[in-house]
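Here's the structure, in structure tokens; my notes come after.
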Amino acid sequence: MDFLFEGLNENQKKAVLHKDGPLLVLAGAGAGKTRAISHRVAYLVNQGIEPEKILAITFTNKAAAEMRERISALLRKLSFSLGNQQPFVSTFHSLGVSMLRKSGSKIGISKNFSIFDQSDSLSLIKEAIKEFNLDEKQFQPSRVQGIISRYKGDLITNESFRETVGSEFFPQIISRVWDRYEEELQKQKALDFDDLILKTYLLLKNSDEAREYYQELWQYILIDEYQDTNKGQYELSKILAAKHHNICIIGDIDQAIYSWRGADFKNIINFERDFPNHVSIVFEENYRSTKNILEAAAKVIERNKMRKPKNVIAIKEQGAELSLFEAMNEKEEAEFVIHTVKQLLENKSAQPSEIAILYRANFQSRVFEEEFLKHRLPYQVLGVRFYERKEVKDIFSFIRAALNPDSLVDIKRVINVPPRGLGKTSVLNFFAKKKLPAETQKKFDEFMATLSLIRSAIEKEEPSEVVKFIMQKTGYQDFLKNGDEDDKERLENLMELVSIAGRYNELPPAEGIEKMLTDASLMSDQDNLLKNQDAVRLRTVHAAKGLEFEYVFI
């Protein structure tokens with residue numbers, strides 16, 4: 001068992017050895033958090049805690065996968081036969097999906113609920129705004145969506161919001177649109193991204209049976225990046241830990257950058273209030289950055305007023321000096337960066353993928369892209385994600401519509417994909433259950449029969465075969481084959497989707513498809529990083545969090 005403590009410093013060892021009761025770990029960037037969490041889980045199992053009694057939560061699928069691999073490797077070293085006994089390692093949203101699929105019926109949620117992404121939700125909000133004859137310039141759909149999302153993150157439902165609006169005009173309109181939006185979600189048996197936390201919280205709050213089951217199931221809880229939790233995630237973790245109090249949170253107020261998503265770094269302070277008998281441990285050693293970088297960062301961050309002071313100790317040497325270039329304008333800035341990048345590549349000081357250009361907002365990438373193209377240098381912008389491509393979303397909509405015939409968003413998306421000669425008026429009349437011409441009705445009947453065949457395939461076939469079946473049975477594959485160059489590229493993307501679906505073939509048929517849909521819905525920007533592409537990375541600071549590069553331009 002000695003290997004569990006190899007390479008750990010004293011404070012990391014203390015965190016690993018702390019078994020029962022609440023634990024707060026303040027850990028700066030590069031302080032070995034993932035290592036400590038993984039070793040702590042292995043230590044708990046070695047102490048006789050059943051693996052399935054342990055829940056570990058982090059913020060990206062990438063981080064969760066890495067943690068899962070590390071834990072499995074450590075448990076194998078302990079000669080522990082995992083079998084079906086596994087610690088549950090996931091993101092908050094994946095946790096919510098799992099709990100709602102299993103127990104959501106207790107609060108009226110269908111097991112086969114669809115997960116609507118941002119664009120699906122936005123289209124429903126647009127429809128509601130249009131229905132109430134509101135001016136989209138005054139009531140911007142994206143702004144309304146953001147307001148609803150923020151309230152849901154604070155565990156406020158449309159019903160509770162309605163009770164507080166009073167006679168103010170704008171809140172009244174938001175309330176009406178929100179109510180209509182929720183009606184449509186319910187009708188289509190769908191949840192949006194924020195519901196995955198809100199509804200899970202409501203499940204635990206309103207169902208004694210569910211609350212007792214999950215509190216007993218997960219007796220040891222570990223949560224990483226705690227400064228990035230919003231109110232909903234904070235309250236959800238508090239309920240789960242309320243019975244056994246064996247909760248370990250790891251966070252760093254200095255790394256809180258997601259306030260615009262509703263994250264509240266004060267949750268670390270709230271934890272100290274809600275668990276007054278907690279033990280606090282500080283990870284001060286930094287294994288990632290050079291001394292120069294840490295000293296510069298410390299000088300900046302120490303000016304923050306609300307923070308817990310800590311001395312970060314660099315394990316690495318002094319390192320290269322930081323450099324500052326003051327440009328006259330954005331073009332000169334981009335030219336300087338590209339000139340420096342070219343020098344690094346020509347001198348063989350770095351590979352393209354070891355270089356990152358970070359900026360505050362996405363629009364700032366344009367001038368850099370122009371320079372990269374001009375100089376013919378390889379680059380990758382974190383742009384349209386694979387799972388957000390039209391053709392990929394079309395296949396997913398066929399699957400979701402087959403599993404959930406009430407999902408009108410999905411049916412509307414693909415009812416004319418590929419074109420079936422069904423105009424907008426016909427589609428509206430079909431959904432309004434109005435009488436249609438015989439030929440038109442026949443086309444709709446054929447479409448619904450195709451959905452039925454897809455559902456049968458989902459229940460019997462491997463996920464990769466289901467995707468191929470949809471491409472062939474709907475005529476989508478032939479349609480793209482006979483199209484232009486863009487269509488051929490779309491077909492290549494769908495063949496890539498077949499390959500991705502193959503990763504889920506080892507699961508039972510319907511379960512494999514469900515897992516693939518869930519993973520795609522919860523995929524974050526970081527998870528979409530193309531590992532094999534040797535190119536300079538262009539991305540926002542937010543999208544780069546947790547990643548590492550040899551050379552960084554900010």
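By convention here, the chains of the structure tokens are called A, B, ... in the order presented, each chain's residues are numbered starting at 1, and ligands are numbered starting at 1 in the order presented.
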
Selection near stretch 68-82 of chain A, 10 Å with only C-alpha atoms, sequence-local residues under 5 positions removed, as a list of chain:residue names: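 Contacts, in chain order: A:Met1, A:Phe3, A:Leu4, A:Thr34, A:Arg35, A:Ile37, A:Ser38, A:His39, A:Arg40, A:Val41, A:Ala42, A:Tyr43, A:Val45, A:Asn46, A:Pro51, A:Glu52, A:Ala56, A:Lys62, A:Ala63, A:Pro87, A:Phe88, A:Val89, A:Ser90.
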
Find the residues of stretch 72-178 of chain A that sit at most 9 Å from stretch 189-198 of chain A; for each, write down the nearest two atoms and how far apart they are in Å, to one decimal. Count only C-alpha atoms. Sort by chain, then by number going up, and give it as JSON lines.
```
{"residue": "A:Phe92", "atom": "CA", "partner": "A:Ile197", "partner_atom": "CA", "distance": 7.4}
{"residue": "A:His93", "atom": "CA", "partner": "A:Leu196", "partner_atom": "CA", "distance": 5.8}
{"residue": "A:Ser94", "atom": "CA", "partner": "A:Leu196", "partner_atom": "CA", "distance": 8.2}
{"residue": "A:Leu95", "atom": "CA", "partner": "A:Leu196", "partner_atom": "CA", "distance": 8.4}
{"residue": "A:Gly96", "atom": "CA", "partner": "A:Leu196", "partner_atom": "CA", "distance": 5.1}
{"residue": "A:Val97", "atom": "CA", "partner": "A:Leu196", "partner_atom": "CA", "distance": 6.1}
{"residue": "A:Leu100", "atom": "CA", "partner": "A:Leu196", "partner_atom": "CA", "distance": 7.8}
{"residue": "A:Ile109", "atom": "CA", "partner": "A:Lys189", "partner_atom": "CA", "distance": 7.4}
{"residue": "A:Ser110", "atom": "CA", "partner": "A:Lys189", "partner_atom": "CA", "distance": 6.5}
{"residue": "A:Asn112", "atom": "CA", "partner": "A:Lys189", "partner_atom": "CA", "distance": 7.8}
{"residue": "A:Phe113", "atom": "CA", "partner": "A:Ala190", "partner_atom": "CA", "distance": 5.1}
{"residue": "A:Ser114", "atom": "CA", "partner": "A:Ala190", "partner_atom": "CA", "distance": 4.5}
{"residue": "A:Ile115", "atom": "CA", "partner": "A:Leu191", "partner_atom": "CA", "distance": 5.1}
{"residue": "A:Phe116", "atom": "CA", "partner": "A:Asp192", "partner_atom": "CA", "distance": 4.8}
{"residue": "A:Asp117", "atom": "CA", "partner": "A:Asp192", "partner_atom": "CA", "distance": 6.4}
{"residue": "A:Gln118", "atom": "CA", "partner": "A:Phe193", "partner_atom": "CA", "distance": 7.6}
{"residue": "A:Asp120", "atom": "CA", "partner": "A:Asp192", "partner_atom": "CA", "distance": 8.5}
{"residue": "A:Ser121", "atom": "CA", "partner": "A:Asp192", "partner_atom": "CA", "distance": 6.7}
{"residue": "A:Ser149", "atom": "CA", "partner": "A:Asp194", "partner_atom": "CA", "distance": 6.3}
{"residue": "A:Arg150", "atom": "CA", "partner": "A:Asp194", "partner_atom": "CA", "distance": 8.7}
{"residue": "A:Lys152", "atom": "CA", "partner": "A:Asp194", "partner_atom": "CA", "distance": 6.2}
{"residue": "A:Gly153", "atom": "CA", "partner": "A:Asp194", "partner_atom": "CA", "distance": 6.4}
{"residue": "A:Asp154", "atom": "CA", "partner": "A:Leu198", "partner_atom": "CA", "distance": 8.4}
{"residue": "A:Leu155", "atom": "CA", "partner": "A:Leu198", "partner_atom": "CA", "distance": 5.8}
{"residue": "A:Ile156", "atom": "CA", "partner": "A:Leu198", "partner_atom": "CA", "distance": 8.2}
{"residue": "A:Thr157", "atom": "CA", "partner": "A:Leu198", "partner_atom": "CA", "distance": 8.3}
```

Neighbouring residues of A:Asp445 were defined as those with any atom within 12 Å, considering only C-alpha atoms; residues of the same chain fewer than 4 positions away were excluded. Please report them as a ChimeraX atom specification. /A:415,420,430,436,438-441,449-452

Go ahead and save the residues from that selection, with N, CA and C atoms, as a CSV table (one decimal), in the first residue's frame.
```
chain,number,residue,atom,x,y,z
A,415,ILE,N,-38.0,16.4,-40.3
A,415,ILE,CA,-39.1,15.9,-41.1
A,415,ILE,C,-38.9,16.1,-42.6
A,420,ARG,N,-38.4,16.1,-48.5
A,420,ARG,CA,-39.5,15.2,-48.8
A,420,ARG,C,-40.7,15.9,-49.5
A,430,PHE,N,-49.8,19.6,-40.0
A,430,PHE,CA,-49.7,18.2,-39.4
A,430,PHE,C,-49.6,18.3,-37.9
A,436,LEU,N,-55.0,16.7,-44.1
A,436,LEU,CA,-54.1,17.0,-45.1
A,436,LEU,C,-54.5,16.3,-46.4
A,438,ALA,N,-54.3,13.7,-49.4
A,438,ALA,CA,-53.9,12.3,-49.2
A,438,ALA,C,-52.4,12.0,-49.5
A,439,GLU,N,-51.9,12.7,-50.6
A,439,GLU,CA,-50.5,12.5,-50.9
A,439,GLU,C,-49.5,13.0,-49.8
A,440,THR,N,-49.9,14.2,-49.3
A,440,THR,CA,-49.1,14.8,-48.2
A,440,THR,C,-49.2,13.9,-46.9
A,441,GLN,N,-50.4,13.4,-46.6
A,441,GLN,CA,-50.5,12.6,-45.4
A,441,GLN,C,-49.7,11.3,-45.5
A,449,ALA,N,-43.3,6.1,-39.9
A,449,ALA,CA,-43.0,4.6,-40.0
A,449,ALA,C,-41.5,4.5,-40.0
A,450,THR,N,-40.7,5.4,-40.6
A,450,THR,CA,-39.3,5.4,-40.6
A,450,THR,C,-38.8,5.5,-39.1
A,451,LEU,N,-39.4,6.5,-38.4
A,451,LEU,CA,-39.0,6.6,-37.0
A,451,LEU,C,-39.2,5.4,-36.2
A,452,SER,N,-40.3,4.7,-36.5
A,452,SER,CA,-40.6,3.4,-35.8
A,452,SER,C,-39.6,2.4,-36.1
```

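Shortest atom-to-atom contact with A:Ala31 among A:Asn311, A:Gln318, A:Asn493, A:Ser175: A:Asn311, counting only C-alpha atoms.
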
Point-to-point distance in Å for atom CA of A:Tyr359 and atom CA of A:Val312: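 Going from atom CA of A:Val312 over to atom CA of A:Tyr359, I get 25.5 Å.
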
All helix (DSSP H, G or I) residues (DSSP, backbone) inside stretch 164-307 of chain A, as a PyMOL selection string: chain A and resi 169-187+195-206+208-217+226-228+231-241+253-255+259-261+267-274+291-301

Could those selected residues go to a file with C-alpha atoms, as an mmCIF file, in the first residue's frame?
```cif
data_model
loop_
_atom_site.group_PDB
_atom_site.id
_atom_site.type_symbol
_atom_site.label_atom_id
_atom_site.label_comp_id
_atom_site.auth_asym_id
_atom_site.auth_seq_id
_atom_site.Cartn_x
_atom_site.Cartn_y
_atom_site.Cartn_z
ATOM 1 C CA PHE A 169 -43.411 45.216 -17.279
ATOM 2 C CA PHE A 170 -40.122 43.468 -18.201
ATOM 3 C CA PRO A 171 -40.268 40.748 -15.489
ATOM 4 C CA GLN A 172 -43.913 40.093 -16.436
ATOM 5 C CA ILE A 173 -42.917 39.487 -20.055
ATOM 6 C CA ILE A 174 -40.017 37.236 -19.001
ATOM 7 C CA SER A 175 -42.446 35.276 -16.829
ATOM 8 C CA ARG A 176 -44.933 34.785 -19.684
ATOM 9 C CA VAL A 177 -42.228 33.670 -22.124
ATOM 10 C CA TRP A 178 -40.681 31.380 -19.504
ATOM 11 C CA ASP A 179 -44.049 29.777 -18.709
ATOM 12 C CA ARG A 180 -44.652 29.140 -22.413
ATOM 13 C CA TYR A 181 -41.131 27.763 -22.800
ATOM 14 C CA GLU A 182 -41.654 25.333 -19.908
ATOM 15 C CA GLU A 183 -45.013 24.206 -21.330
ATOM 16 C CA GLU A 184 -43.298 23.329 -24.584
ATOM 17 C CA LEU A 185 -40.421 21.524 -22.852
ATOM 18 C CA GLN A 186 -42.907 19.457 -20.865
ATOM 19 C CA LYS A 187 -44.986 18.716 -23.944
ATOM 20 C CA ASP A 195 -32.721 21.529 -15.789
ATOM 21 C CA LEU A 196 -30.165 18.758 -15.331
ATOM 22 C CA ILE A 197 -29.139 20.422 -12.055
ATOM 23 C CA LEU A 198 -32.415 22.127 -11.103
ATOM 24 C CA LYS A 199 -34.610 19.023 -11.598
ATOM 25 C CA THR A 200 -32.085 16.798 -9.807
ATOM 26 C CA TYR A 201 -32.153 19.179 -6.856
ATOM 27 C CA LEU A 202 -35.977 19.175 -6.901
ATOM 28 C CA LEU A 203 -35.957 15.367 -7.068
ATOM 29 C CA LEU A 204 -33.886 15.156 -3.874
ATOM 30 C CA LYS A 205 -35.824 17.928 -2.173
ATOM 31 C CA ASN A 206 -39.316 16.611 -2.955
ATOM 32 C CA ASP A 208 -37.955 11.339 0.494
ATOM 33 C CA GLU A 209 -37.377 7.968 -1.178
ATOM 34 C CA ALA A 210 -34.934 9.353 -3.766
ATOM 35 C CA ARG A 211 -33.116 11.518 -1.221
ATOM 36 C CA GLU A 212 -32.599 8.633 1.220
ATOM 37 C CA TYR A 213 -31.514 6.299 -1.608
ATOM 38 C CA TYR A 214 -28.806 8.618 -3.013
ATOM 39 C CA GLN A 215 -27.590 9.785 0.409
ATOM 40 C CA GLU A 216 -27.079 6.141 1.346
ATOM 41 C CA LEU A 217 -25.634 5.200 -2.064
ATOM 42 C CA TYR A 226 -15.440 23.983 -6.096
ATOM 43 C CA GLN A 227 -14.989 27.687 -6.801
ATOM 44 C CA ASP A 228 -16.766 27.088 -10.132
ATOM 45 C CA LYS A 231 -25.919 27.845 -6.259
ATOM 46 C CA GLY A 232 -27.708 24.820 -7.749
ATOM 47 C CA GLN A 233 -24.581 22.650 -7.742
ATOM 48 C CA TYR A 234 -23.700 23.811 -4.234
ATOM 49 C CA GLU A 235 -27.136 22.961 -2.824
ATOM 50 C CA LEU A 236 -27.219 19.639 -4.689
ATOM 51 C CA SER A 237 -23.894 18.551 -3.181
ATOM 52 C CA LYS A 238 -25.030 19.749 0.259
ATOM 53 C CA ILE A 239 -28.157 17.547 0.145
ATOM 54 C CA LEU A 240 -26.169 14.517 -1.028
ATOM 55 C CA ALA A 241 -23.684 14.929 1.844
ATOM 56 C CA ILE A 253 -10.841 31.282 -5.002
ATOM 57 C CA ASP A 254 -7.953 32.687 -7.066
ATOM 58 C CA GLN A 255 -9.032 30.508 -10.009
ATOM 59 C CA SER A 259 -19.100 34.224 -12.601
ATOM 60 C CA TRP A 260 -20.861 34.944 -15.920
ATOM 61 C CA ARG A 261 -22.131 31.344 -15.824
ATOM 62 C CA ASN A 267 -19.363 28.754 -2.079
ATOM 63 C CA ILE A 268 -15.992 27.850 -0.550
ATOM 64 C CA ILE A 269 -16.740 30.304 2.287
ATOM 65 C CA ASN A 270 -20.312 28.936 2.513
ATOM 66 C CA PHE A 271 -18.881 25.429 2.895
ATOM 67 C CA GLU A 272 -16.966 26.554 5.980
ATOM 68 C CA ARG A 273 -20.224 27.901 7.413
ATOM 69 C CA ASP A 274 -22.342 24.831 6.566
ATOM 70 C CA LYS A 291 9.086 30.569 -10.505
ATOM 71 C CA ASN A 292 8.892 33.669 -12.741
ATOM 72 C CA ILE A 293 5.348 32.881 -13.856
ATOM 73 C CA LEU A 294 4.165 32.158 -10.311
ATOM 74 C CA GLU A 295 5.673 35.341 -8.901
ATOM 75 C CA ALA A 296 4.028 37.472 -11.603
ATOM 76 C CA ALA A 297 0.671 35.757 -11.076
ATOM 77 C CA ALA A 298 0.917 36.189 -7.297
ATOM 78 C CA LYS A 299 1.576 39.936 -7.634
ATOM 79 C CA VAL A 300 -1.588 40.323 -9.703
ATOM 80 C CA ILE A 301 -3.911 38.066 -7.695
#
```

Please measure the separation of atom CA of A:Ala15 and atom CA of A:Ile247, giving the value in Å to one decimal. 11.9 Å

One-decimal distance in Å that lies between atom CA of A:Leu55 and atom CA of A:Lys310: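 Straight-line distance from atom CA of A:Lys310 to atom CA of A:Leu55 works out to 28.2 Å.
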
Residues near A:Arg413, anyone? I mean within 10 Å using only C-alpha atoms, not counting same-chain ones fewer than 3 positions away, as a PyMOL selection string. chain A and resi 120+390+393-394+397-398+401+408-410+416-417

If we count only C-alpha atoms, what is near stretch 324-334 of chain A at a cut-off of 6 Å, once residues fewer than 2 positions away on the same chain are taken out, given as a PyMOL selection string? chain A and resi 336-337+368

Filtering to all heavy atoms, could you give me those residues as a PDB file, in the first residue's frame?
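After the write, result_11.pdb holds the following:
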```
ATOM      1  N   PHE A 336       3.080  40.744 -34.598  1.00  0.00           N
ATOM      2  CA  PHE A 336       4.138  40.420 -33.641  1.00  0.00           C
ATOM      3  C   PHE A 336       4.040  38.954 -33.200  1.00  0.00           C
ATOM      4  O   PHE A 336       5.041  38.238 -33.150  1.00  0.00           O
ATOM      5  CB  PHE A 336       4.059  41.336 -32.419  1.00  0.00           C
ATOM      6  CG  PHE A 336       4.931  40.893 -31.272  1.00  0.00           C
ATOM      7  CD1 PHE A 336       6.299  41.132 -31.281  1.00  0.00           C
ATOM      8  CD2 PHE A 336       4.387  40.198 -30.192  1.00  0.00           C
ATOM      9  CE1 PHE A 336       7.107  40.704 -30.230  1.00  0.00           C
ATOM     10  CE2 PHE A 336       5.185  39.759 -29.151  1.00  0.00           C
ATOM     11  CZ  PHE A 336       6.542  40.014 -29.173  1.00  0.00           C
ATOM     12  N   VAL A 337       2.824  38.521 -32.885  1.00  0.00           N
ATOM     13  CA  VAL A 337       2.623  37.144 -32.416  1.00  0.00           C
ATOM     14  C   VAL A 337       3.024  36.153 -33.504  1.00  0.00           C
ATOM     15  O   VAL A 337       3.763  35.192 -33.248  1.00  0.00           O
ATOM     16  CB  VAL A 337       1.156  36.920 -31.988  1.00  0.00           C
ATOM     17  CG1 VAL A 337       0.888  35.443 -31.734  1.00  0.00           C
ATOM     18  CG2 VAL A 337       0.834  37.728 -30.734  1.00  0.00           C
ATOM     19  N   PHE A 368      -5.996  37.281 -36.013  1.00  0.00           N
ATOM     20  CA  PHE A 368      -4.954  36.256 -35.931  1.00  0.00           C
ATOM     21  C   PHE A 368      -5.116  35.235 -37.054  1.00  0.00           C
ATOM     22  O   PHE A 368      -4.139  34.788 -37.662  1.00  0.00           O
ATOM     23  CB  PHE A 368      -4.987  35.563 -34.564  1.00  0.00           C
ATOM     24  CG  PHE A 368      -4.500  36.433 -33.445  1.00  0.00           C
ATOM     25  CD1 PHE A 368      -5.389  37.067 -32.595  1.00  0.00           C
ATOM     26  CD2 PHE A 368      -3.141  36.635 -33.262  1.00  0.00           C
ATOM     27  CE1 PHE A 368      -4.943  37.886 -31.572  1.00  0.00           C
ATOM     28  CE2 PHE A 368      -2.678  37.452 -32.235  1.00  0.00           C
ATOM     29  CZ  PHE A 368      -3.582  38.083 -31.389  1.00  0.00           C
TER      30      PHE A 368
END
```

What's around A:Pro463 at 8 Å? Count only C-alpha atoms, leave out sequence neighbours fewer than 5 positions away in its own chain, and write the answer as a list in words. Ile458, Ala501, Gly502, Tyr504, Asn505, Pro509, Ala510, Gly512 and Ile513 of chain A

Taking the backbone alone, and naming residues the way the document does, which bits of stretch 47-78 of chain A are strand (DSSP E) by DSSP, as number ranges by chain? A: 54-58

Taking N, CA, C and O atoms for each residue, export the selection above as a PDB file, in the first residue's frame.
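Printed below is selection20.pdb as written:
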```pdb
ATOM      1  N   ILE A  54     -18.633   5.679  -3.442  1.00  0.00           N
ATOM      2  CA  ILE A  54     -17.816   6.892  -3.619  1.00  0.00           C
ATOM      3  C   ILE A  54     -18.266   7.640  -4.864  1.00  0.00           C
ATOM      4  O   ILE A  54     -18.420   7.053  -5.938  1.00  0.00           O
ATOM      5  N   LEU A  55     -18.471   8.948  -4.719  1.00  0.00           N
ATOM      6  CA  LEU A  55     -18.849   9.826  -5.824  1.00  0.00           C
ATOM      7  C   LEU A  55     -17.778  10.902  -5.975  1.00  0.00           C
ATOM      8  O   LEU A  55     -17.442  11.594  -5.010  1.00  0.00           O
ATOM      9  N   ALA A  56     -17.213  11.027  -7.181  1.00  0.00           N
ATOM     10  CA  ALA A  56     -16.220  12.075  -7.451  1.00  0.00           C
ATOM     11  C   ALA A  56     -16.716  12.934  -8.612  1.00  0.00           C
ATOM     12  O   ALA A  56     -17.082  12.403  -9.658  1.00  0.00           O
ATOM     13  N   ILE A  57     -16.751  14.251  -8.399  1.00  0.00           N
ATOM     14  CA  ILE A  57     -17.295  15.163  -9.410  1.00  0.00           C
ATOM     15  C   ILE A  57     -16.240  16.182  -9.824  1.00  0.00           C
ATOM     16  O   ILE A  57     -15.556  16.768  -8.978  1.00  0.00           O
ATOM     17  N   THR A  58     -16.111  16.384 -11.131  1.00  0.00           N
ATOM     18  CA  THR A  58     -15.252  17.442 -11.643  1.00  0.00           C
ATOM     19  C   THR A  58     -16.002  18.176 -12.748  1.00  0.00           C
ATOM     20  O   THR A  58     -17.164  17.879 -13.003  1.00  0.00           O
TER      21      THR A  58
END
```

Residue nearest A:Glu335 - candidates A:Lys348, A:Glu550, A:Leu26, A:Val367, atoms counted: only C-alpha atoms: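 Residue with the minimum atom-to-atom distance to A:Glu335: A:Val367.
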
Using only C-alpha atoms, which residue out of A:Gly108, A:Gln145, A:Pro378, A:Met67 lies closest to A:Leu124?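 Ranking A:Gly108, A:Gln145, A:Pro378, A:Met67 by distance to A:Leu124, first place goes to A:Gln145.
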
Given the choices A:Ile107, A:Val282, A:Val165, A:Ile313, which gets closest to A:Lys13 if the distance is worked out from only C-alpha atoms?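 Answer, going by the shortest atom-to-atom distance: A:Val282.
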